[in-house]
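**Q** Please find one structure pasted underneath; my questions will follow.
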Amino acid sequence: MVQFLNQEGRASKDIPKISSDVIKRMYELMVLARTFDDIALKLQREGRILTYASLLGQEAAQIGSALAFSKSDWLVPYYRDNGVFITAGYPLDLLYLYWTGDVRGMKIPHDINILPISVPVGSQIPHATGISWAHALQGKKLATGVYFGDGATSKGDFHVGLNFAGVLNTPCIFICENNQWAISVPRSRQTKSETIAQKAQAYGIEGVLVDGNDVIAVYSTVMQAIEKAKKGGGPTLIECYTYRMESHTTADEWKRYRSGKEVDEWKAKDPIKRLEKYMETLDLWDNAYAEKVIESAQTQVNEAVKKFESYPPPQPHEMFEHIYEKRPPELEEQWTSAFGR
Amino acid sequence: MAKLNLIQTLNQTLQQQLAKDKNIILLGEDVGKDGGVFRVTDGLWKEFGNNRVIDTPLSEIGIIATSVGLAIAGMKPIAEVQFDGFSMPMLDQLYHHAARMRKRSQGKYHVPLVLRVPHGGGIRGLEHHSESLETFFAHIPGLKVVTPSTPYNAKGLLIAAINDPDPVIFLEPKRVYRAIKQEVPEKEYTIPLGKTEVIQSGNDVTVISWGAMQKVVRSAIKQLQNKYSIDILDILTLSPLDKQPIFESVKKTGRCVVVQEAPKTCGYGAELAAIIGEDVLLSLKAPVTRVTGYDIPVPLPKLENYYIPNEEKIINAIESVMSF
Ligand SMILES: Cc1ncc(C[n+]2csc(CCOP(=O)(O)OP(=O)(O)O)c2C)c(N)n1
């Protein structure tokens with residue numbers, strides 16, 4: 001397992017050189033993602049958003065990986081990847097809006113190459129293969145990063161996505177956030193393989209197991225895979241070994257199927273604490289800095305909450321929009337009969 | 001008699017059937033320790049163990065395709081798909097194999113599986129959690145498609161589905177799961193598959209629906225009870241369809257409103273309108289009128305209520321056939 005920061009935040013000798021600015025950016029985004037998440041859970045309890053899937057514990061896996069891509073690369077996240085959206089610069093208010101059950105939250109800004117959330121588990125994986133294939137055919141030097149959980153590796157989509165990418169040598173980075181659980185089903189029940197990374201071997205591509213709570217390890221592993229892909233070296237499967245600290249979604253209760261002891265053990269591996277300790281040794285972190293970062297995150301999140309709650313409700317006729325480029329007559333008729341226009 | 005909601009009824013029924021026949025197994029995602037995302041299988045894993053109540057790897061195709069094999073080899077798989085939307089990849093196996101093995105093997109093999117599908121909208125779910133897909137299943141020759149509307153009929157239909165020698169899709173109206181409590185006998189009983197039920201008899205208009213729409217229809221019609229005398233039909237089995245009660249009713253009333261949650265075009269209601277036209281055309285005093293969802297994906301929760309047929313739309317349709 002690739003690891004540069006151990007649980008105590010102590011760095012190994014071979015830790016890659018990453019600029020202070022990037023390290024600080026990682027930290028600030030991880031704090032922002034956690035603050036966003038924390039407030040989302042609170043909003044859900046208050047009935048201000050609907051069912052929500054928390055990213056708590058997966059900050060390093062999401063931010064470390066997403067930050068390795070450049071602005072022109074493509075990202076294909078899954079529903080738990082609010083941290084990936086945030087790293088890509090997605091407006092926080094739109095993310096919240098989406099989680100209120102409002103499709104306008106997935107109105108993707110024109111300068112962000114990200115796909116909307118795909119809810120059917122694993123179904124997005126071959127889309128990323130196709131996108132990266134297109135880029136290869138078009139001679140564009142772009143990488144595509146696709147995200148999914150450990151449960152998704154049981155889907156045929158996973159097989160198809162990796163197999164096609166291998167055969168066609170597409171510049172696709174498959175990022176599995178192995179958070180140990182698929183709702184109530186443990187990783188051991190998804191596959192008899194010892195690791196998910198080892199599945200890469202069967203597709204003839206590279207597979208890397210990385211400590212998903214070590215943001216430095218995630219970032220540099222993904223960065224290497226991107227460089228390789230852009231040079232025509234083909235796809236990579238990266239397993240980020242991490243943990244889902246919260247329930248699957250707010251509609252789930254983790255106490256029904258896993259022990260508090262297990263959760264506590266993972267609490268000690270917290271990705272943000274680990275980075276703080278490392279940054280302290282580099283003189284990049286102290287309490288005053290942390291306070292500033294937290295305050296800034298809270299301000300951004302508070303503003304996003306204010307903004308999303310001030311959106312007027314969607315108009316009923318909007319449900320007839322974006323079905324086809326041009327509405328066919330039958331649909332026009334249904335719209336008219338519903339709302340009279 | 002105990003008053004049970006739909007979830008409690010299904011749970012009790014599955015428990016009794018598992019206890020009775022050791023060839024019955026339940027399989028699906030999170031059906032074990034967690035008891036299913038709607039808790040329909042709550043407690044069954046604890047009682048019957050890992051070999052009878054099985055958390056599968058996360059693959060709907062895997063669940064249904066292995067169920068075909070299990071059924072061929074003498075087991076009685078009762079598979080669960082977590083939400084309707086995720087059943088779409090299963091169509092491949094259902095259409096090509098579950099529904100055809102009997103034919104292909106010239107009667108040597110048959111596939112007595114049951115697929116339980118939480119069905120329809122109205123629970124403020126994420127995308128793909130609120131679909132009405134009955135037409136997709138009902139269009140497959142060789143499948144049976146059943147949809148209860150109350151706890152009482154759910155128990156009788158589920159037992160009949162389990163006893164049936166052919167593959168049965170069992171559509172559970174999510175919106176009814178916790179919405180109605182009803183007296184449900186503890187003892188086993190069946191409601192035969194392939195029967196349309198007459199819920200209420202009247203002379204002015206026939207209103208046909210199934211699943212979650214039954215509840216909406218009944219409440220709409222309460223508002224018209226002093227005005228019109230209405231026949232209410234509940235299609236408990238969508239395939240094979242029991243047509244006679246429909247024809248008899250329309251012959252009597254001459255007017256028919258069909259209520260379906262699914263999109264309009266090529267929906268199940270179109271089939272009903274067609275058979276009424278074919279068989280009792282001359283009894284009609286007004287065109288068969290459909291109250292349906294629109295030809296769009298089910299909107300996310302913010303707009304969902306504008307999509308799903310409600311009392312007002314049903315009343316308007318009844319008024320329109322009455323004043324035709
Ligand atoms: C095809 C499909 N089946 C079932 C579901 C319901 N469901 C949502 S998330 C989930 C578990 C996914 O686990 P995993 O892939 O490990 O990702 P995690 O949620 O743990 O991050 C399930 C079964 C779904 N969304 N899509």
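Chain lettering (A, B, ...) mirrors the order of the structure tokens, residue numbering begins at 1 for each chain separately, and ligand numbering begins at 1 in order of display.
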Could you list, as a list in words, all protein and nucleic acid residues with an atom at most 7 Å from ligand 1, counting only C-alpha atoms and all ligand atoms?
**A** Arg80, Val119, Pro120, Val121, Gly122, Phe148, Gly149, Asp150, Gly151, Ala152, Glu177, Asn178, Asn179, Gln180, Trp181, Ala182, Ile183, Arg244 and His248 of chain A; Glu29, Leu58, Ser59, Glu60, Gln82 and Phe86 of chain B
**Q** Counting only C-alpha atoms, give me one row per residue of chain A with an atom at most 7 Å from an atom of chain B, showing the shortest contact pair and its distance in Å to one decimal, sorted by chain then residue number, as CSV.
**A**
residue,atom,partner,partner_atom,distance
A:Gly101,CA,B:Pro301,CA,4.9
A:Asp102,CA,B:Lys302,CA,5.6
A:Val103,CA,B:Leu300,CA,6.4
A:Val119,CA,B:Glu127,CA,6.7
A:Pro120,CA,B:Phe86,CA,6.6
A:Gly151,CA,B:Leu58,CA,5.7
A:Ala152,CA,B:Leu58,CA,6.7
A:Ser154,CA,B:Leu58,CA,5.4
A:Lys155,CA,B:Ser59,CA,5.0
A:Ser184,CA,B:Asp30,CA,5.8
A:Val185,CA,B:Asp30,CA,6.3
A:Arg189,CA,B:Pro57,CA,6.1
A:Gln190,CA,B:Pro57,CA,4.6
A:Arg256,CA,B:Asp34,CA,6.2
A:Tyr257,CA,B:Asp34,CA,6.3
A:Pro316,CA,B:Leu303,CA,6.1
A:Met319,CA,B:Pro299,CA,6.3
A:Phe320,CA,B:Ile296,CA,6.8
A:Ile323,CA,B:Ile296,CA,6.7
A:Leu331,CA,B:Asp295,CA,6.7
A:Gln334,CA,B:Tyr294,CA,6.8
**Q** What does the distance between CA of Asn169 (chain A) and CA of Ala136 (chain A) come to in Å, to one decimal place?
**A** 8.8 Å
**Q** Counting only C-alpha atoms, which residue out of B:Ser323, B:Gln260, B:Gln15, B:Gln106 sits closest to Glu131 (chain B)?
**A** B:Gln260
**Q** Hey, can you check how far CA of Val257 (chain B) sits from CA of Pro329 (chain A)?
**A**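 According to the coordinates, CA of Val257 (chain B) and CA of Pro329 (chain A) are separated by 23.7 Å.
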**Q** When DSSP works through the backbone of this structure, what residues of region 26-74 of chain B end up as strand (DSSP E or B), shown as an MDAnalysis selection string?
**A** chainID B and resid 26:28 53:55
**Q** Can I get the selected residues back with C-alpha atoms, as a tab-separated table (two decimals), in the first residue's frame?
**A**
chain	number	residue	atom	x	y	z
B	26	LEU	CA	-34.29	-14.48	-0.26
B	27	LEU	CA	-31.51	-12.71	-2.10
B	28	GLY	CA	-30.65	-9.11	-2.82
B	53	VAL	CA	-31.39	-14.77	3.46
B	54	ILE	CA	-28.48	-13.64	1.40
B	55	ASP	CA	-26.71	-10.34	0.86
**Q** Pick the closest to Ile275 (chain B) from B:Ile232, B:Ile246, B:Ile159, B:Leu4: which is it, counting only C-alpha atoms?
**A**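 Of the candidates, the smallest distance to Ile275 (chain B) is held by B:Ile246.
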**Q** What's around Lys267 (chain A) at 12 Å? Count only C-alpha atoms, leave out sequence neighbours fewer than 3 positions away in its own chain, and write the answer as JSON, numbers by chain.
**A** {"A": [7, 56, 57, 58, 213, 242, 243, 244, 245, 246, 260, 261, 262, 263, 264, 270, 271, 272, 273, 274]}
**Q** Find the residues around Gly142 (chain B) up to 8 Å (only C-alpha atoms counted), leave out those fewer than 4 positions away in its own chain, and share them as a PDB file with C-alpha atoms, in the first residue's frame.
**A**
ATOM      1  CA  ALA B  99     -39.440 -15.867 -19.465  1.00  0.00           C
ATOM      2  CA  ARG B 100     -38.236 -18.249 -22.178  1.00  0.00           C
ATOM      3  CA  ASP B 166     -43.558 -19.323 -13.678  1.00  0.00           C
ATOM      4  CA  PRO B 167     -41.495 -16.175 -13.095  1.00  0.00           C
TER       5      PRO B 167
END
**Q** Residues within 12 Å of Thr66 (chain B), please, as number ranges by chain. Count only C-alpha atoms; anything in the same chain fewer than 6 positions from it doesn't count.
**A** B: 27-28, 56-57, 59-60, 72-73, 75-79, 90, 93-94, 97-98, 111, 113
**Q** Need to verify the contact set: Met88 (chain B), 9 Å, only C-alpha atoms, exclusion of same-chain residues closer than 4 positions in sequence. Can you return it as a PyMOL selection string?
**A** chain B and resi 60+84+92+133+136
**Q** Fewer than 3 positions away in the same chain doesn't count, so skip those; otherwise give me all residues within 8 Å of Ile205 (chain A), counting only C-alpha atoms, as a PyMOL selection string.
**A** chain A and resi 166+200-202+234-237
**Q** Please write the residues from the selection above to a file, keeping N, CA and C atoms, as a CSV table (one decimal), in the first residue's frame.
**A**
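Dumped to again04.csv:
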chain,number,residue,atom,x,y,z
A,166,GLY,N,-8.6,-1.0,-21.2
A,166,GLY,CA,-7.3,-1.7,-21.3
A,166,GLY,C,-7.1,-2.0,-22.8
A,200,ALA,N,-6.9,-5.1,-11.5
A,200,ALA,CA,-6.3,-4.5,-12.7
A,200,ALA,C,-5.5,-5.5,-13.5
A,201,GLN,N,-4.8,-6.3,-12.8
A,201,GLN,CA,-4.0,-7.3,-13.4
A,201,GLN,C,-4.7,-8.1,-14.5
A,202,ALA,N,-5.9,-8.5,-14.2
A,202,ALA,CA,-6.7,-9.3,-15.1
A,202,ALA,C,-7.1,-8.5,-16.4
A,234,GLY,N,-1.8,4.5,-21.1
A,234,GLY,CA,-3.0,3.7,-20.8
A,234,GLY,C,-3.6,4.0,-19.4
A,235,PRO,N,-4.6,3.2,-19.1
A,235,PRO,CA,-5.4,3.4,-17.9
A,235,PRO,C,-4.7,2.9,-16.6
A,236,THR,N,-5.1,3.4,-15.5
A,236,THR,CA,-4.7,2.8,-14.2
A,236,THR,C,-5.9,2.7,-13.3
A,237,LEU,N,-5.9,1.6,-12.5
A,237,LEU,CA,-6.9,1.5,-11.4
A,237,LEU,C,-6.2,1.8,-10.1
**Q** Tell me, which residues of region 23-222 of chain A carry DSSP alpha helix (DSSP H), written as a compact mmCIF listing (two decimals) with N, CA, C and O atoms, in the first residue's frame?
**A**
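Writing done, so here's part-v6.txt:
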# COMPACT_ATOMS: atom_id res chain seq x y z
N ILE A 23 0.04 21.91 -0.91
CA ILE A 23 -0.30 21.27 0.36
C ILE A 23 -1.36 22.10 1.11
O ILE A 23 -2.33 21.56 1.64
N LYS A 24 -1.16 23.39 1.10
CA LYS A 24 -2.14 24.24 1.77
C LYS A 24 -3.50 24.18 1.08
O LYS A 24 -4.55 24.17 1.72
N ARG A 25 -3.45 24.11 -0.23
CA ARG A 25 -4.69 24.00 -1.01
C ARG A 25 -5.44 22.71 -0.64
O ARG A 25 -6.66 22.72 -0.48
N MET A 26 -4.67 21.61 -0.53
CA MET A 26 -5.27 20.33 -0.12
C MET A 26 -6.00 20.49 1.21
O MET A 26 -7.15 20.10 1.37
N TYR A 27 -5.27 21.08 2.14
CA TYR A 27 -5.81 21.22 3.49
C TYR A 27 -7.08 22.08 3.47
O TYR A 27 -8.11 21.73 4.05
N GLU A 28 -6.99 23.19 2.78
CA GLU A 28 -8.13 24.12 2.77
C GLU A 28 -9.36 23.48 2.11
O GLU A 28 -10.48 23.65 2.58
N LEU A 29 -9.13 22.72 1.06
CA LEU A 29 -10.25 22.05 0.39
C LEU A 29 -10.84 20.94 1.27
O LEU A 29 -12.06 20.72 1.29
N MET A 30 -9.95 20.24 1.97
CA MET A 30 -10.46 19.17 2.85
C MET A 30 -11.30 19.75 3.98
O MET A 30 -12.36 19.21 4.33
N VAL A 31 -10.85 20.86 4.53
CA VAL A 31 -11.64 21.51 5.58
C VAL A 31 -12.95 22.03 5.00
O VAL A 31 -14.02 21.90 5.61
N LEU A 32 -12.88 22.58 3.81
CA LEU A 32 -14.10 23.10 3.17
C LEU A 32 -15.10 21.97 2.92
O LEU A 32 -16.29 22.10 3.21
N ALA A 33 -14.58 20.84 2.41
CA ALA A 33 -15.46 19.71 2.12
C ALA A 33 -16.10 19.19 3.42
O ALA A 33 -17.29 18.87 3.46
N ARG A 34 -15.31 19.13 4.48
CA ARG A 34 -15.86 18.62 5.74
C ARG A 34 -16.90 19.59 6.31
O ARG A 34 -17.92 19.17 6.85
N THR A 35 -16.63 20.87 6.17
CA THR A 35 -17.59 21.87 6.66
C THR A 35 -18.89 21.78 5.85
O THR A 35 -19.99 21.78 6.41
N PHE A 36 -18.73 21.67 4.54
CA PHE A 36 -19.90 21.51 3.67
C PHE A 36 -20.73 20.30 4.11
O PHE A 36 -21.96 20.37 4.21
N ASP A 37 -20.03 19.22 4.39
CA ASP A 37 -20.66 17.95 4.76
C ASP A 37 -21.40 18.07 6.09
O ASP A 37 -22.54 17.64 6.24
N ASP A 38 -20.70 18.67 7.04
CA ASP A 38 -21.24 18.83 8.38
C ASP A 38 -22.54 19.63 8.33
O ASP A 38 -23.55 19.26 8.94
N ILE A 39 -22.52 20.70 7.56
CA ILE A 39 -23.71 21.55 7.46
C ILE A 39 -24.81 20.82 6.68
O ILE A 39 -25.99 20.92 7.00
N ALA A 40 -24.41 20.04 5.68
CA ALA A 40 -25.41 19.26 4.93
C ALA A 40 -26.16 18.32 5.87
O ALA A 40 -27.40 18.21 5.80
N LEU A 41 -25.44 17.66 6.75
CA LEU A 41 -26.08 16.73 7.68
C LEU A 41 -27.03 17.48 8.61
O LEU A 41 -28.12 17.01 8.92
N LYS A 42 -26.59 18.66 9.02
CA LYS A 42 -27.43 19.47 9.90
C LYS A 42 -28.69 19.93 9.14
O LYS A 42 -29.80 19.84 9.66
N LEU A 43 -28.51 20.39 7.92
CA LEU A 43 -29.65 20.83 7.12
C LEU A 43 -30.63 19.69 6.89
O LEU A 43 -31.85 19.88 6.89
N GLN A 44 -30.09 18.49 6.73
CA GLN A 44 -30.95 17.34 6.49
C GLN A 44 -31.79 17.06 7.74
O GLN A 44 -32.99 16.83 7.64
N ARG A 45 -31.14 17.10 8.89
CA ARG A 45 -31.89 16.86 10.14
C ARG A 45 -33.00 17.88 10.33
O ARG A 45 -34.04 17.59 10.89
N GLU A 59 -12.22 12.52 2.75
CA GLU A 59 -11.74 13.81 2.22
C GLU A 59 -10.43 13.66 1.46
O GLU A 59 -10.25 14.25 0.38
N ALA A 60 -9.50 12.86 2.00
CA ALA A 60 -8.19 12.74 1.35
C ALA A 60 -8.34 12.04 0.00
O ALA A 60 -7.73 12.44 -1.00
N ALA A 61 -9.15 11.00 -0.02
CA ALA A 61 -9.34 10.24 -1.27
C ALA A 61 -9.96 11.14 -2.35
O ALA A 61 -9.54 11.11 -3.51
N GLN A 62 -10.93 11.95 -1.96
CA GLN A 62 -11.64 12.77 -2.95
C GLN A 62 -10.81 13.99 -3.37
O GLN A 62 -10.65 14.26 -4.56
N ILE A 63 -10.31 14.70 -2.38
CA ILE A 63 -9.61 15.94 -2.72
C ILE A 63 -8.21 15.66 -3.27
O ILE A 63 -7.79 16.25 -4.27
N GLY A 64 -7.51 14.72 -2.64
CA GLY A 64 -6.16 14.39 -3.12
C GLY A 64 -6.18 13.96 -4.57
O GLY A 64 -5.32 14.34 -5.36
N SER A 65 -7.17 13.18 -4.95
CA SER A 65 -7.23 12.70 -6.33
C SER A 65 -7.67 13.81 -7.28
O SER A 65 -7.04 14.06 -8.30
N ALA A 66 -8.75 14.49 -6.92
CA ALA A 66 -9.31 15.49 -7.85
C ALA A 66 -8.33 16.63 -8.10
O ALA A 66 -8.28 17.19 -9.19
N ASN A 82 -19.02 14.82 -3.16
CA ASN A 82 -19.11 16.28 -3.02
C ASN A 82 -17.73 16.91 -2.95
O ASN A 82 -17.52 18.02 -3.42
N GLY A 83 -16.76 16.18 -2.37
CA GLY A 83 -15.39 16.70 -2.28
C GLY A 83 -14.73 16.84 -3.65
O GLY A 83 -13.91 17.73 -3.86
N VAL A 84 -15.08 15.97 -4.56
CA VAL A 84 -14.56 16.06 -5.92
C VAL A 84 -15.18 17.27 -6.62
O VAL A 84 -14.49 18.07 -7.26
N PHE A 85 -16.48 17.41 -6.48
CA PHE A 85 -17.16 18.58 -7.06
C PHE A 85 -16.56 19.88 -6.51
O PHE A 85 -16.27 20.81 -7.27
N ILE A 86 -16.35 19.92 -5.21
CA ILE A 86 -15.83 21.14 -4.58
C ILE A 86 -14.42 21.43 -5.10
O ILE A 86 -14.10 22.57 -5.44
N THR A 87 -13.60 20.40 -5.23
CA THR A 87 -12.23 20.60 -5.74
C THR A 87 -12.24 21.10 -7.18
O THR A 87 -11.40 21.90 -7.58
N LEU A 92 -20.90 25.67 -4.42
CA LEU A 92 -21.44 24.95 -3.27
C LEU A 92 -22.97 25.06 -3.20
O LEU A 92 -23.66 24.12 -2.83
N ASP A 93 -23.48 26.22 -3.56
CA ASP A 93 -24.93 26.41 -3.45
C ASP A 93 -25.68 25.47 -4.39
O ASP A 93 -26.74 24.96 -4.06
N LEU A 94 -25.08 25.21 -5.56
CA LEU A 94 -25.74 24.29 -6.51
C LEU A 94 -25.73 22.86 -5.97
O LEU A 94 -26.69 22.11 -6.15
N LEU A 95 -24.62 22.50 -5.29
CA LEU A 95 -24.56 21.15 -4.71
C LEU A 95 -25.68 20.98 -3.68
O LEU A 95 -26.39 19.98 -3.67
N TYR A 96 -25.80 21.96 -2.80
CA TYR A 96 -26.88 21.88 -1.81
C TYR A 96 -28.24 21.81 -2.50
O TYR A 96 -29.11 21.04 -2.12
N LEU A 97 -28.38 22.64 -3.52
CA LEU A 97 -29.67 22.68 -4.23
C LEU A 97 -30.02 21.29 -4.78
O LEU A 97 -31.16 20.83 -4.67
N TYR A 98 -29.01 20.63 -5.34
CA TYR A 98 -29.24 19.28 -5.85
C TYR A 98 -29.79 18.36 -4.75
O TYR A 98 -30.73 17.60 -4.96
N TRP A 99 -29.17 18.46 -3.58
CA TRP A 99 -29.58 17.56 -2.49
C TRP A 99 -30.92 17.94 -1.87
O TRP A 99 -31.42 17.27 -0.98
N ILE A 125 -18.92 4.28 -14.89
CA ILE A 125 -17.54 3.87 -15.14
C ILE A 125 -17.26 3.76 -16.65
O ILE A 125 -16.29 4.36 -17.14
N PRO A 126 -18.09 3.04 -17.40
CA PRO A 126 -17.80 2.97 -18.85
C PRO A 126 -17.98 4.31 -19.58
O PRO A 126 -17.39 4.49 -20.64
N HIS A 127 -18.76 5.22 -19.00
CA HIS A 127 -18.88 6.55 -19.64
C HIS A 127 -17.50 7.21 -19.66
O HIS A 127 -17.10 7.84 -20.65
N ALA A 128 -16.80 7.07 -18.55
CA ALA A 128 -15.46 7.68 -18.47
C ALA A 128 -14.52 7.01 -19.46
O ALA A 128 -13.69 7.67 -20.10
N THR A 129 -14.66 5.71 -19.63
CA THR A 129 -13.85 5.02 -20.62
C THR A 129 -14.12 5.62 -22.00
O THR A 129 -13.19 5.91 -22.77
N GLY A 130 -15.38 5.85 -22.29
CA GLY A 130 -15.76 6.41 -23.58
C GLY A 130 -15.24 7.83 -23.76
O GLY A 130 -14.75 8.20 -24.85
N ILE A 131 -15.33 8.63 -22.71
CA ILE A 131 -14.85 10.01 -22.80
C ILE A 131 -13.33 10.01 -23.06
O ILE A 131 -12.83 10.72 -23.93
N SER A 132 -12.63 9.18 -22.31
CA SER A 132 -11.17 9.16 -22.49
C SER A 132 -10.80 8.58 -23.86
O SER A 132 -9.82 8.99 -24.48
N TRP A 133 -11.59 7.69 -24.34
CA TRP A 133 -11.39 7.11 -25.68
C TRP A 133 -11.55 8.21 -26.73
O TRP A 133 -10.73 8.36 -27.65
N ALA A 134 -12.61 9.02 -26.56
CA ALA A 134 -12.85 10.14 -27.49
C ALA A 134 -11.63 11.06 -27.51
O ALA A 134 -11.17 11.48 -28.58
N HIS A 135 -11.12 11.38 -26.33
CA HIS A 135 -9.96 12.28 -26.26
C HIS A 135 -8.76 11.69 -26.99
O HIS A 135 -8.01 12.40 -27.67
N ALA A 136 -8.59 10.39 -26.84
CA ALA A 136 -7.47 9.74 -27.53
C ALA A 136 -7.69 9.83 -29.06
O ALA A 136 -6.77 10.15 -29.81
N LEU A 137 -8.91 9.56 -29.49
CA LEU A 137 -9.20 9.62 -30.93
C LEU A 137 -9.01 11.03 -31.48
O LEU A 137 -8.61 11.21 -32.62
N GLY A 156 -21.22 -5.29 -13.60
CA GLY A 156 -20.67 -5.53 -14.92
C GLY A 156 -20.05 -4.27 -15.51
O GLY A 156 -19.06 -4.34 -16.25
N ASP A 157 -20.60 -3.11 -15.15
CA ASP A 157 -20.08 -1.84 -15.66
C ASP A 157 -18.60 -1.67 -15.33
O ASP A 157 -17.85 -1.09 -16.10
N PHE A 158 -18.20 -2.13 -14.15
CA PHE A 158 -16.79 -2.03 -13.75
C PHE A 158 -15.93 -2.87 -14.70
O PHE A 158 -14.93 -2.41 -15.25
N HIS A 159 -16.38 -4.08 -14.93
CA HIS A 159 -15.65 -4.96 -15.83
C HIS A 159 -15.54 -4.35 -17.24
O HIS A 159 -14.46 -4.24 -17.82
N VAL A 160 -16.66 -3.92 -17.72
CA VAL A 160 -16.72 -3.37 -19.08
C VAL A 160 -15.83 -2.13 -19.19
O VAL A 160 -15.06 -1.97 -20.14
N GLY A 161 -15.92 -1.26 -18.20
CA GLY A 161 -15.16 -0.01 -18.24
C GLY A 161 -13.67 -0.26 -18.26
O GLY A 161 -12.92 0.32 -19.05
N LEU A 162 -13.20 -1.16 -17.40
CA LEU A 162 -11.77 -1.43 -17.33
C LEU A 162 -11.29 -2.25 -18.53
O LEU A 162 -10.20 -2.03 -19.05
N ASN A 163 -12.12 -3.17 -18.95
CA ASN A 163 -11.71 -4.01 -20.06
C ASN A 163 -11.56 -3.22 -21.35
O ASN A 163 -10.57 -3.33 -22.06
N PHE A 164 -12.55 -2.39 -21.64
CA PHE A 164 -12.47 -1.54 -22.84
C PHE A 164 -11.27 -0.60 -22.74
O PHE A 164 -10.53 -0.42 -23.70
N ALA A 165 -11.11 0.01 -21.57
CA ALA A 165 -10.01 0.97 -21.41
C ALA A 165 -8.67 0.28 -21.62
O ALA A 165 -7.75 0.84 -22.21
N GLY A 166 -8.57 -0.96 -21.15
CA GLY A 166 -7.33 -1.71 -21.33
C GLY A 166 -7.08 -2.01 -22.79
O GLY A 166 -6.02 -1.71 -23.34
N VAL A 167 -8.08 -2.57 -23.44
CA VAL A 167 -7.92 -2.97 -24.84
C VAL A 167 -7.64 -1.75 -25.72
O VAL A 167 -6.80 -1.79 -26.61
N LEU A 168 -8.33 -0.65 -25.45
CA LEU A 168 -8.20 0.54 -26.29
C LEU A 168 -7.15 1.51 -25.77
O LEU A 168 -6.92 2.56 -26.36
N LYS A 199 -7.34 -6.41 -9.16
CA LYS A 199 -8.21 -6.74 -10.29
C LYS A 199 -7.65 -6.15 -11.59
O LYS A 199 -7.95 -6.64 -12.68
N ALA A 200 -6.85 -5.09 -11.47
CA ALA A 200 -6.27 -4.45 -12.66
C ALA A 200 -5.48 -5.46 -13.47
O ALA A 200 -5.48 -5.42 -14.71
N GLN A 201 -4.82 -6.35 -12.77
CA GLN A 201 -3.96 -7.32 -13.43
C GLN A 201 -4.72 -8.12 -14.48
O GLN A 201 -4.21 -8.39 -15.57
N ALA A 202 -5.94 -8.47 -14.16
CA ALA A 202 -6.74 -9.27 -15.08
C ALA A 202 -7.05 -8.50 -16.37
O ALA A 202 -7.34 -9.10 -17.40
N VAL A 215 -3.43 11.99 2.13
CA VAL A 215 -3.71 12.82 0.95
C VAL A 215 -2.48 12.95 0.05
O VAL A 215 -2.60 13.05 -1.17
N ILE A 216 -1.30 12.89 0.65
CA ILE A 216 -0.08 13.00 -0.16
C ILE A 216 0.07 11.76 -1.05
O ILE A 216 0.41 11.85 -2.23
N ALA A 217 -0.22 10.61 -0.47
CA ALA A 217 -0.12 9.36 -1.24
C ALA A 217 -1.15 9.33 -2.37
O ALA A 217 -0.84 8.94 -3.50
N VAL A 218 -2.36 9.76 -2.06
CA VAL A 218 -3.41 9.75 -3.08
C VAL A 218 -3.02 10.70 -4.22
O VAL A 218 -3.03 10.34 -5.40
N TYR A 219 -2.65 11.91 -3.83
CA TYR A 219 -2.33 12.94 -4.83
C TYR A 219 -1.20 12.49 -5.74
O TYR A 219 -1.32 12.55 -6.97
N SER A 220 -0.11 11.99 -5.16
CA SER A 220 1.03 11.68 -6.02
C SER A 220 0.78 10.42 -6.85
O SER A 220 1.23 10.34 -8.00
N THR A 221 0.02 9.48 -6.32
CA THR A 221 -0.30 8.29 -7.12
C THR A 221 -1.17 8.66 -8.32
O THR A 221 -0.91 8.22 -9.45
N VAL A 222 -2.17 9.48 -8.08
CA VAL A 222 -3.06 9.88 -9.18
C VAL A 222 -2.28 10.73 -10.18
O VAL A 222 -2.42 10.57 -11.40
**Q** One decimal, in Å: what's the spacing between CA of Arg48 (chain A) and CA of Pro312 (chain A)?
**A**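 We find that CA of Arg48 (chain A) and CA of Pro312 (chain A) lie 14.3 Å from each other.
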